[in-house]
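Pasting coords_18.pdb here (PDB, C-alpha atoms):
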ATOM      1  CA  MET A   1       0.000   0.000   0.000
ATOM      2  CA  SER A   2       1.317   3.432  -0.919
ATOM      3  CA  SER A   3       1.860   6.067   1.734
ATOM      4  CA  VAL A   4      -0.934   8.140   0.183
ATOM      5  CA  SER A   5      -3.544   5.379   0.362
ATOM      6  CA  GLY A   6      -2.318   4.434   3.828
ATOM      7  CA  THR A   7      -2.836   7.976   5.075
ATOM      8  CA  SER A   8      -6.283   8.145   3.489
ATOM      9  CA  SER A   9      -7.284   4.852   5.088
ATOM     10  CA  SER A  10      -5.983   6.027   8.460
ATOM     11  CA  LEU A  11      -8.014   9.232   8.190
ATOM     12  CA  LEU A  12     -11.194   7.379   7.225
ATOM     13  CA  ASP A  13     -10.724   4.964  10.105
ATOM     14  CA  ALA A  14     -10.089   7.833  12.505
ATOM     15  CA  ILE A  15     -13.418   9.444  11.603
ATOM     16  CA  PHE A  16     -15.798   6.592  10.846
ATOM     17  CA  LEU A  17     -14.553   3.824  13.150
ATOM     18  CA  SER A  18     -15.090   5.932  16.255
ATOM     19  CA  GLU A  19     -18.450   7.452  17.169
ATOM     20  CA  LYS A  20     -16.696   9.680  19.694
ATOM     21  CA  ARG A  21     -14.321  11.198  17.158
ATOM     22  CA  LYS A  22     -17.013  11.588  14.519
ATOM     23  CA  ASN A  23     -19.455  13.181  16.976
ATOM     24  CA  LEU A  24     -16.786  15.531  18.298
ATOM     25  CA  LEU A  25     -15.956  16.717  14.795
ATOM     26  CA  LEU A  26     -19.638  17.378  14.111
ATOM     27  CA  LEU A  27     -20.107  19.130  17.445
ATOM     28  CA  LEU A  28     -17.211  21.510  16.791
ATOM     29  CA  LYS A  29     -18.524  22.124  13.265
ATOM     30  CA  GLU A  30     -22.059  22.937  14.425
ATOM     31  CA  GLU A  31     -21.355  24.806  17.652
ATOM     32  CA  GLY A  32     -17.797  26.090  17.326
ATOM     33  CA  PRO A  33     -14.877  25.874  19.797
ATOM     34  CA  LYS A  34     -15.513  24.038  23.066
ATOM     35  CA  SER A  35     -13.687  23.717  26.358
ATOM     36  CA  SER A  36     -13.108  20.316  27.933
ATOM     37  CA  ASP A  37     -15.998  20.910  30.355
ATOM     38  CA  GLU A  38     -18.327  21.793  27.496
ATOM     39  CA  ILE A  39     -17.298  18.652  25.629
ATOM     40  CA  LYS A  40     -17.931  16.583  28.758
ATOM     41  CA  ASN A  41     -21.413  18.049  29.095
ATOM     42  CA  ALA A  42     -22.188  17.488  25.419
ATOM     43  CA  PHE A  43     -21.410  13.755  25.458
ATOM     44  CA  ASP A  44     -22.370  10.954  27.773
ATOM     45  CA  PHE A  45     -18.796   9.625  27.871
ATOM     46  CA  PRO A  46     -16.246   9.631  30.692
ATOM     47  CA  TRP A  47     -13.691  12.361  29.996
ATOM     48  CA  LYS A  48     -10.838   9.850  30.255
ATOM     49  CA  SER A  49     -12.252   7.959  27.293
ATOM     50  CA  MET A  50     -12.407  11.172  25.239
ATOM     51  CA  ILE A  51      -8.784  12.215  25.798
ATOM     52  CA  PRO A  52      -7.210   9.671  23.373
ATOM     53  CA  GLN A  53      -9.902  10.426  20.777
ATOM     54  CA  ILE A  54      -9.177  14.150  20.925
ATOM     55  CA  LYS A  55      -5.427  13.469  20.764
ATOM     56  CA  LYS A  56      -5.960  11.392  17.622
ATOM     57  CA  LEU A  57      -7.833  14.235  15.933
ATOM     58  CA  VAL A  58      -5.164  16.719  17.022
ATOM     59  CA  ASP A  59      -2.402  14.453  15.654
ATOM     60  CA  LEU A  60      -4.253  14.267  12.325
ATOM     61  CA  GLY A  61      -4.432  18.052  12.171
ATOM     62  CA  LEU A  62      -8.243  18.174  12.276
ATOM     63  CA  VAL A  63      -8.567  19.675  15.762
ATOM     64  CA  ILE A  64      -6.542  22.460  17.361
ATOM     65  CA  GLN A  65      -6.132  22.970  21.111
ATOM     66  CA  THR A  66      -5.482  26.517  22.350
ATOM     67  CA  ASP A  67      -5.535  27.380  26.049
ATOM     68  CA  GLY A  68      -7.770  24.429  26.871
ATOM     69  CA  VAL A  69     -10.234  25.202  24.073
ATOM     70  CA  TYR A  70     -10.706  22.803  21.176
ATOM     71  CA  SER A  71     -11.632  23.942  17.669
ATOM     72  CA  LEU A  72     -11.493  22.637  14.123
ATOM     73  CA  SER A  73      -8.567  23.463  11.901
ATOM     74  CA  GLU A  74      -9.334  24.865   8.452
ATOM     75  CA  MET A  75      -9.139  21.400   6.918
ATOM     76  CA  GLY A  76     -11.035  20.068   9.900
ATOM     77  CA  VAL A  77     -13.931  22.324   8.921
ATOM     78  CA  VAL A  78     -13.764  21.095   5.326
ATOM     79  CA  ILE A  79     -13.683  17.429   6.321
ATOM     80  CA  ALA A  80     -16.358  17.746   9.028
ATOM     81  CA  THR A  81     -18.646  19.526   6.521
ATOM     82  CA  ASN A  82     -18.238  16.687   4.034
ATOM     83  CA  VAL A  83     -18.739  14.073   6.754
ATOM     84  CA  GLN A  84     -22.047  15.741   7.653
ATOM     85  CA  PHE A  85     -22.975  15.918   3.964
ATOM     86  CA  LEU A  86     -22.359  12.167   3.551
ATOM     87  CA  LEU A  87     -24.229  11.256   6.729
ATOM     88  CA  ASN A  88     -27.244  13.331   5.672
ATOM     89  CA  THR A  89     -27.285  11.626   2.264
ATOM     90  CA  LEU A  90     -27.056   8.157   3.798
ATOM     91  CA  LYS A  91     -29.853   8.998   6.236
ATOM     92  CA  ILE A  92     -32.208  10.212   3.501
ATOM     93  CA  TYR A  93     -31.520   7.136   1.389
ATOM     94  CA  ASP A  94     -31.748   4.647   4.264
ATOM     95  CA  GLU A  95     -35.013   6.033   5.653
ATOM     96  CA  ASN A  96     -36.680   6.092   2.198
ATOM     97  CA  ARG A  97     -34.754   3.329   0.463
ATOM     98  CA  ASP A  98     -37.712   1.826  -1.406
ATOM     99  CA  PHE A  99     -38.672   5.169  -2.924
ATOM    100  CA  TRP A 100     -35.178   6.035  -4.178
ATOM    101  CA  SER A 101     -34.349   2.514  -5.379
ATOM    102  CA  GLU A 102     -37.663   1.747  -7.106
ATOM    103  CA  HIS A 103     -38.153   5.000  -9.018
ATOM    104  CA  ASP A 104     -36.594   6.511 -12.095
ATOM    105  CA  LEU A 105     -34.333   9.306 -10.844
ATOM    106  CA  SER A 106     -33.182  10.446 -14.285
ATOM    107  CA  SER A 107     -35.516  13.447 -14.191
ATOM    108  CA  ILE A 108     -33.459  14.881 -11.307
ATOM    109  CA  PRO A 109     -30.256  16.565 -12.523
ATOM    110  CA  PHE A 110     -27.105  15.065 -11.051
ATOM    111  CA  HIS A 111     -26.013  18.291  -9.333
ATOM    112  CA  LEU A 112     -29.206  18.136  -7.252
ATOM    113  CA  LEU A 113     -29.394  14.351  -6.921
ATOM    114  CA  ILE A 114     -26.069  14.293  -5.071
ATOM    115  CA  ARG A 115     -27.556  16.841  -2.672
ATOM    116  CA  ILE A 116     -30.618  14.837  -1.600
ATOM    117  CA  GLY A 117     -29.233  14.941   1.929
ATOM    118  CA  GLU A 118     -30.510  18.519   2.037
ATOM    119  CA  LEU A 119     -34.108  17.267   2.056
ATOM    120  CA  GLY A 120     -33.883  16.751   5.813
ATOM    121  CA  GLN A 121     -36.763  14.934   7.469
ATOM    122  CA  CYS A 122     -38.811  13.239   4.747
ATOM    123  CA  LYS A 123     -41.631  10.768   4.603
ATOM    124  CA  VAL A 124     -43.078   8.746   1.762
ATOM    125  CA  LEU A 125     -46.843   8.883   1.363
ATOM    126  CA  LYS A 126     -48.095   5.551   0.053
ATOM    127  CA  PRO A 127     -51.852   5.928  -0.304
ATOM    128  CA  ASP A 128     -54.017   2.979  -1.189
ATOM    129  CA  LEU A 129     -57.049   3.658  -3.345
ATOM    130  CA  SER A 130     -59.257   4.358  -0.330
ATOM    131  CA  HIS A 131     -56.855   7.022   0.972
ATOM    132  CA  LEU A 132     -55.548   8.453  -2.296
ATOM    133  CA  PHE A 133     -57.721  11.547  -2.282
ATOM    134  CA  LYS A 134     -57.154  12.098   1.461
ATOM    135  CA  VAL A 135     -53.391  12.325   0.802
ATOM    136  CA  GLN A 136     -53.949  14.764  -2.053
ATOM    137  CA  GLU A 137     -56.267  16.830   0.136
ATOM    138  CA  ASP A 138     -53.570  17.090   2.820
ATOM    139  CA  ILE A 139     -51.092  18.398   0.257
ATOM    140  CA  VAL A 140     -53.675  20.856  -1.100
ATOM    141  CA  LYS A 141     -54.354  22.183   2.416
ATOM    142  CA  CYS A 142     -50.664  23.006   2.800
ATOM    143  CA  MET A 143     -50.721  24.690  -0.593
ATOM    144  CA  LEU A 144     -53.699  26.846   0.392
ATOM    145  CA  ASN A 145     -51.735  28.112   3.397
ATOM    146  CA  SER A 146     -48.787  29.108   1.224
ATOM    147  CA  SER A 147     -47.892  32.491  -0.218
ATOM    148  CA  ARG A 148     -46.559  31.059  -3.486
ATOM    149  CA  ILE A 149     -46.929  27.765  -5.325
ATOM    150  CA  MET A 150     -44.749  26.117  -7.964
ATOM    151  CA  VAL A 151     -46.037  23.017  -9.748
ATOM    152  CA  PHE A 152     -44.610  20.795 -12.469
ATOM    153  CA  ALA A 153     -47.253  18.456 -13.908
ATOM    154  CA  SER A 154     -46.785  15.618 -16.396
ATOM    155  CA  ALA A 155     -50.451  14.656 -16.075
ATOM    156  CA  ILE A 156     -53.387  16.795 -15.091
ATOM    157  CA  HIS A 157     -57.022  16.192 -14.190
ATOM    158  CA  PRO A 158     -59.563  18.538 -15.848
ATOM    159  CA  ALA A 159     -60.766  19.597 -12.397
ATOM    160  CA  TYR A 160     -57.304  20.815 -11.321
ATOM    161  CA  HIS A 161     -58.119  24.233 -12.751
ATOM    162  CA  LEU A 162     -60.701  24.616  -9.981
ATOM    163  CA  LEU A 163     -57.876  24.318  -7.466
ATOM    164  CA  CYS A 164     -55.798  26.840  -9.386
ATOM    165  CA  LEU A 165     -58.744  29.225  -9.316
ATOM    166  CA  GLU A 166     -58.999  28.819  -5.550
ATOM    167  CA  PHE A 167     -55.265  29.575  -5.175
ATOM    168  CA  LEU A 168     -55.584  32.713  -7.266
ATOM    169  CA  GLU A 169     -58.679  33.876  -5.377
ATOM    170  CA  LYS A 170     -56.608  33.686  -2.200
ATOM    171  CA  GLY A 171     -53.955  35.909  -3.788
ATOM    172  CA  ILE A 172     -51.400  33.106  -4.000
ATOM    173  CA  ASP A 173     -48.733  33.480  -6.691
ATOM    174  CA  VAL A 174     -48.942  30.353  -8.890
ATOM    175  CA  THR A 175     -46.334  29.147 -11.388
ATOM    176  CA  ILE A 176     -47.138  25.998 -13.366
ATOM    177  CA  ILE A 177     -44.953  24.061 -15.793
ATOM    178  CA  LEU A 178     -46.762  21.593 -18.053
ATOM    179  CA  THR A 179     -45.365  18.977 -20.376
ATOM    180  CA  GLU A 180     -45.937  19.508 -24.092
ATOM    181  CA  SER A 181     -48.530  16.726 -24.239
ATOM    182  CA  VAL A 182     -50.568  18.183 -21.381
ATOM    183  CA  PHE A 183     -50.336  21.669 -22.866
ATOM    184  CA  GLU A 184     -51.443  20.437 -26.293
ATOM    185  CA  SER A 185     -54.421  18.675 -24.742
ATOM    186  CA  ILE A 186     -55.551  21.837 -22.949
ATOM    187  CA  HIS A 187     -54.780  23.936 -26.026
ATOM    188  CA  ASN A 188     -56.950  21.742 -28.261
ATOM    189  CA  GLU A 189     -59.810  21.843 -25.767
ATOM    190  CA  CYS A 190     -59.667  25.652 -25.657
ATOM    191  CA  LEU A 191     -59.559  26.298 -29.394
ATOM    192  CA  PRO A 192     -62.579  28.285 -30.601
ATOM    193  CA  GLN A 193     -63.685  25.469 -32.896
ATOM    194  CA  ALA A 194     -63.372  22.792 -30.183
ATOM    195  CA  THR A 195     -66.669  21.013 -29.638
ATOM    196  CA  THR A 196     -65.613  18.305 -27.208
ATOM    197  CA  SER A 197     -67.251  18.289 -23.832
ATOM    198  CA  PHE A 198     -66.183  16.548 -20.653
ATOM    199  CA  SER A 199     -68.104  13.449 -19.723
ATOM    200  CA  ASP A 200     -67.791  13.901 -15.962
ATOM    201  CA  SER A 201     -69.720  17.111 -15.455
ATOM    202  CA  SER A 202     -70.220  16.161 -11.794
ATOM    203  CA  VAL A 203     -66.494  16.630 -11.265
ATOM    204  CA  LEU A 204     -66.077  19.782 -13.309
ATOM    205  CA  LYS A 205     -69.411  21.422 -12.622
ATOM    206  CA  LEU A 206     -68.597  23.516 -15.709
ATOM    207  CA  ASP A 207     -69.488  23.391 -19.380
ATOM    208  CA  LEU A 208     -66.775  23.699 -22.028
ATOM    209  CA  PRO A 209     -67.161  27.450 -22.723
ATOM    210  CA  GLU A 210     -66.778  28.230 -19.024
ATOM    211  CA  TYR A 211     -63.765  25.913 -18.835
ATOM    212  CA  LYS A 212     -62.152  27.828 -21.714
ATOM    213  CA  LYS A 213     -62.916  31.090 -19.959
ATOM    214  CA  GLU A 214     -61.285  29.892 -16.732
ATOM    215  CA  VAL A 215     -58.148  28.686 -18.526
ATOM    216  CA  GLN A 216     -57.785  32.018 -20.303
ATOM    217  CA  PHE A 217     -58.176  33.748 -16.941
ATOM    218  CA  PHE A 218     -55.271  31.731 -15.525
ATOM    219  CA  LEU A 219     -53.089  32.761 -18.435
ATOM    220  CA  THR A 220     -53.825  36.459 -18.058
ATOM    221  CA  CYS A 221     -53.966  36.730 -14.256
ATOM    222  CA  GLU A 222     -51.056  38.693 -12.768
ATOM    223  CA  LYS A 223     -50.610  36.040 -10.074
ATOM    224  CA  SER A 224     -50.329  33.108 -12.504
ATOM    225  CA  HIS A 225     -47.416  32.096 -14.728
ATOM    226  CA  PHE A 226     -47.579  29.213 -17.216
ATOM    227  CA  PHE A 227     -44.670  27.429 -18.895
ATOM    228  CA  VAL A 228     -44.286  24.437 -21.199
ATOM    229  CA  SER A 229     -41.322  22.163 -20.610
ATOM    230  CA  ASP A 230     -38.881  21.459 -23.441
ATOM    231  CA  GLY A 231     -36.882  18.886 -21.462
ATOM    232  CA  GLU A 232     -37.011  15.148 -22.133
ATOM    233  CA  LYS A 233     -36.734  13.910 -18.545
ATOM    234  CA  LYS A 234     -39.621  14.978 -16.341
ATOM    235  CA  PRO A 235     -41.081  14.065 -12.936
ATOM    236  CA  MET A 236     -44.723  13.009 -12.674
ATOM    237  CA  MET A 237     -45.493  15.801 -10.249
ATOM    238  CA  LEU A 238     -43.476  18.364  -8.322
ATOM    239  CA  VAL A 239     -45.076  20.707  -5.805
ATOM    240  CA  VAL A 240     -43.008  23.343  -4.017
ATOM    241  CA  THR A 241     -44.355  26.113  -1.816
ATOM    242  CA  ASP A 242     -43.036  28.026   1.178
ATOM    243  CA  LYS A 243     -44.704  25.318   3.311
ATOM    244  CA  ILE A 244     -44.284  21.948   1.595
ATOM    245  CA  PHE A 245     -42.193  19.969  -0.892
ATOM    246  CA  ALA A 246     -43.757  16.959  -2.636
ATOM    247  CA  LEU A 247     -42.321  14.881  -5.465
ATOM    248  CA  SER A 248     -43.786  12.010  -7.468
ATOM    249  CA  LEU A 249     -41.709  10.030  -9.992
ATOM    250  CA  LEU A 250     -42.284   7.284 -12.523
ATOM    251  CA  ASP A 251     -41.106   3.876 -11.393
ATOM    252  CA  LYS A 252     -38.211   2.105 -13.109
ATOM    253  CA  ASN A 253     -40.651   0.501 -15.573
ATOM    254  CA  ASN A 254     -41.880   3.957 -16.643
ATOM    255  CA  ARG A 255     -45.213   3.454 -14.912
ATOM    256  CA  ILE A 256     -47.181   6.032 -12.953
ATOM    257  CA  ASP A 257     -46.704   5.772  -9.209
ATOM    258  CA  ARG A 258     -49.053   7.401  -6.705
ATOM    259  CA  ASN A 259     -46.363   7.633  -4.025
ATOM    260  CA  TYR A 260     -44.999  11.024  -3.007
ATOM    261  CA  ILE A 261     -41.908  11.888  -1.040
ATOM    262  CA  VAL A 262     -42.843  14.836   1.153
ATOM    263  CA  SER A 263     -40.926  17.187   3.420
ATOM    264  CA  PHE A 264     -41.603  20.395   5.322
ATOM    265  CA  ASP A 265     -37.924  20.942   6.095
ATOM    266  CA  PRO A 266     -36.528  24.356   5.011
ATOM    267  CA  GLY A 267     -33.679  22.572   3.228
ATOM    268  CA  ALA A 268     -36.187  20.553   1.206
ATOM    269  CA  LEU A 269     -38.103  23.677   0.212
ATOM    270  CA  LYS A 270     -34.889  25.284  -1.042
ATOM    271  CA  TRP A 271     -33.810  22.075  -2.841
ATOM    272  CA  GLY A 272     -37.249  21.714  -4.413
ATOM    273  CA  GLU A 273     -37.236  25.317  -5.601
ATOM    274  CA  GLU A 274     -33.859  24.761  -7.266
ATOM    275  CA  LEU A 275     -35.267  21.673  -8.982
ATOM    276  CA  PHE A 276     -38.278  23.660 -10.165
ATOM    277  CA  GLU A 277     -36.037  26.468 -11.468
ATOM    278  CA  TYR A 278     -34.008  23.848 -13.360
ATOM    279  CA  TYR A 279     -37.169  22.754 -15.204
ATOM    280  CA  LYS A 280     -38.244  26.346 -15.671
ATOM    281  CA  THR A 281     -34.999  27.252 -17.468
ATOM    282  CA  ASN A 282     -35.812  24.505 -19.975
ATOM    283  CA  SER A 283     -39.349  25.761 -20.509
ATOM    284  CA  GLY A 284     -41.031  28.466 -22.541
ATOM    285  CA  GLN A 285     -43.576  30.834 -21.035
ATOM    286  CA  ILE A 286     -47.144  30.819 -22.370
ATOM    287  CA  PHE A 287     -49.186  34.019 -22.367
ATOM    288  CA  SER A 288     -52.265  32.966 -24.327
ATOM    289  CA  PHE A 289     -53.699  30.201 -26.530
TER
END

Once you've parsed the file, please lay out its structure as structure tokens.
Amino acid sequence: MSSVSGTSSSLLDAIFLSEKRKNLLLLLKEEGPKSSDEIKNAFDFPWKSMIPQIKKLVDLGLVIQTDGVYSLSEMGVVIATNVQFLLNTLKIYDENRDFWSEHDLSSIPFHLLIRIGELGQCKVLKPDLSHLFKVQEDIVKCMLNSSRIMVFASAIHPAYHLLCLEFLEKGIDVTIILTESVFESIHNECLPQATTSFSDSSVLKLDLPEYKKEVQFFLTCEKSHFFVSDGEKKPMMLVVTDKIFALSLLDKNNRIDRNYIVSFDPGALKWGEELFEYYKTNSGQIFSF
């Protein structure tokens, strides 16, 4: 083994083969320099057992001791930050392993996929048919309490425009990205010569002319912004607001999946907004039909 690989292995062992050393690095990263008493109070370990662990980190140049106060060196900060990054990623994957392993992730750009650890506390909603609409209602409730809403939709129910109308009536800023196929379907339905009518009037409670009128209102409302995606890889549904992040993906067999991964964590909201902006940059804005 070369000296370089030996050093790397020694460093990895020093961090990941000792919970005490790893936790101390993360403590100093999150809370800054600590005295020996503060370290004792932070961990449920006898101080004697911590002394050799601290010495190891000092010898590796990750921790500096000055007048009885311990802090991270510059490289200690870099390494501790990356350790936390890796641990967050492993946690997200491990807690939601079925979702990430069973779905097609190609619609998520790599620069964001490697940052899934930023999603924080997530849960996967797996509604059966009897609870499907209850799950969607819960997401909608969060949306109605938001100040802005961003949605990417690869499939859309004709009644969704009623929800959009409710958002706009509440003064919520709404930005929607549609796939080309969804846009073309709505476009064809709203053409002046279109004569098709919806079969489920009990759901829509609208006739076709009123539907056209509502769609045109969405396009011209100051609070609404419509885009059509030009990208090839797309999620089934992405919802991002200042309250909730929800993502639905096709499974690995390119089939629709009703499962959503959902988070209310601030990191997830920021990550989701970046994902939405990625799709938006590959989309063209629509002002009218």

Handout entry: Result set of the PyMOL selection byres ((chain A and resi 229-243) around 9) on the coordinates above, as a PyMOL selection string
Key = chain A and resi 104-108+139+142-143+145-155+177-180+227-228+244-250+256-257+260+263-266+269-270+272-273+275-276+279-285

Exercise for the section: For atom CA of Val69 of chain A and atom CA of Glu31 of chain A, quote the distance in Å rounded to one decimal. Expected result: 12.8 Å

Could you list the residues chosen by the PyMOL selection byres ((chain A and resi 49-53) around 9) in this structure as an mmCIF file with C-alpha atoms, in the coordinates of the input?
data_model
loop_
_atom_site.group_PDB
_atom_site.id
_atom_site.type_symbol
_atom_site.label_atom_id
_atom_site.label_comp_id
_atom_site.auth_asym_id
_atom_site.auth_seq_id
_atom_site.Cartn_x
_atom_site.Cartn_y
_atom_site.Cartn_z
ATOM 1 C CA ALA A 14 -10.089 7.833 12.505
ATOM 2 C CA SER A 18 -15.090 5.932 16.255
ATOM 3 C CA LYS A 20 -16.696 9.680 19.694
ATOM 4 C CA ARG A 21 -14.321 11.198 17.158
ATOM 5 C CA LEU A 24 -16.786 15.531 18.298
ATOM 6 C CA ILE A 39 -17.298 18.652 25.629
ATOM 7 C CA LYS A 40 -17.931 16.583 28.758
ATOM 8 C CA PHE A 45 -18.796 9.625 27.871
ATOM 9 C CA PRO A 46 -16.246 9.631 30.692
ATOM 10 C CA TRP A 47 -13.691 12.361 29.996
ATOM 11 C CA LYS A 48 -10.838 9.850 30.255
ATOM 12 C CA ILE A 54 -9.177 14.150 20.925
ATOM 13 C CA LYS A 55 -5.427 13.469 20.764
ATOM 14 C CA LYS A 56 -5.960 11.392 17.622
ATOM 15 C CA LEU A 57 -7.833 14.235 15.933
ATOM 16 C CA VAL A 58 -5.164 16.719 17.022
#

I'd like the neighbourhood of segment 115-124 of chain A as an mmCIF file with C-alpha atoms, keeping the file's coordinate frame, where a residue qualifies if any of its atoms comes within 8 Å (using only C-alpha atoms), though same-chain residues fewer than 4 positions away should be ignored.
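In the end it all went to out.cif:
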data_model
loop_
_atom_site.group_PDB
_atom_site.id
_atom_site.type_symbol
_atom_site.label_atom_id
_atom_site.label_comp_id
_atom_site.auth_asym_id
_atom_site.auth_seq_id
_atom_site.Cartn_x
_atom_site.Cartn_y
_atom_site.Cartn_z
ATOM 1 C CA PHE A 85 -22.975 15.918 3.964
ATOM 2 C CA LEU A 86 -22.359 12.167 3.551
ATOM 3 C CA LEU A 87 -24.229 11.256 6.729
ATOM 4 C CA ASN A 88 -27.244 13.331 5.672
ATOM 5 C CA THR A 89 -27.285 11.626 2.264
ATOM 6 C CA LEU A 90 -27.056 8.157 3.798
ATOM 7 C CA LYS A 91 -29.853 8.998 6.236
ATOM 8 C CA ILE A 92 -32.208 10.212 3.501
ATOM 9 C CA ASN A 96 -36.680 6.092 2.198
ATOM 10 C CA PHE A 99 -38.672 5.169 -2.924
ATOM 11 C CA HIS A 111 -26.013 18.291 -9.333
ATOM 12 C CA ASN A 259 -46.363 7.633 -4.025
ATOM 13 C CA TYR A 260 -44.999 11.024 -3.007
ATOM 14 C CA ILE A 261 -41.908 11.888 -1.040
ATOM 15 C CA VAL A 262 -42.843 14.836 1.153
ATOM 16 C CA SER A 263 -40.926 17.187 3.420
ATOM 17 C CA PHE A 264 -41.603 20.395 5.322
ATOM 18 C CA ASP A 265 -37.924 20.942 6.095
ATOM 19 C CA GLY A 267 -33.679 22.572 3.228
ATOM 20 C CA ALA A 268 -36.187 20.553 1.206
ATOM 21 C CA LEU A 269 -38.103 23.677 0.212
ATOM 22 C CA TRP A 271 -33.810 22.075 -2.841
#

Handout entry: Distance criterion (only C-alpha atoms): nearest to Val78 of chain A out of A:Leu112, A:Leu26, A:Leu125, A:Leu17
Key =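 Checking each of A:Leu112, A:Leu26, A:Leu125, A:Leu17 against Val78 of chain A, counting only C-alpha atoms, the winner is A:Leu26.
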
Practice task
Point out the residue among A:Thr66, A:Ser35, A:Asn254, A:Ser224 with the least atom-to-atom distance to Gly171 of chain A, counting only C-alpha atoms.
Solution key: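 Looking only at the distances to Gly171 of chain A, the closest residue turns out to be A:Ser224.
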
Exercise for the section: Calculate how many Å separate atom CA of Ile172 of chain A from atom CA of Arg258 of chain A, rounding to one decimal. Expected result: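 The value is 26.0 Å.
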
Problem - Atom-to-atom span, atom CA of Ile114 of chain A and atom CA of Glu274 of chain A, Å - result: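 Pair atom CA of Ile114 of chain A / atom CA of Glu274 of chain A returns 13.2 Å.
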
Practice task
Can you work out which one of A:Val83, A:Lys126, A:Ile176, A:Trp100 has the shortest atom-to-atom distance to Lys22 of chain A, counting all atoms listed in the file?
Solution key: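 When distances to Lys22 of chain A are compared using all atoms listed in the file, the smallest one comes from A:Val83.
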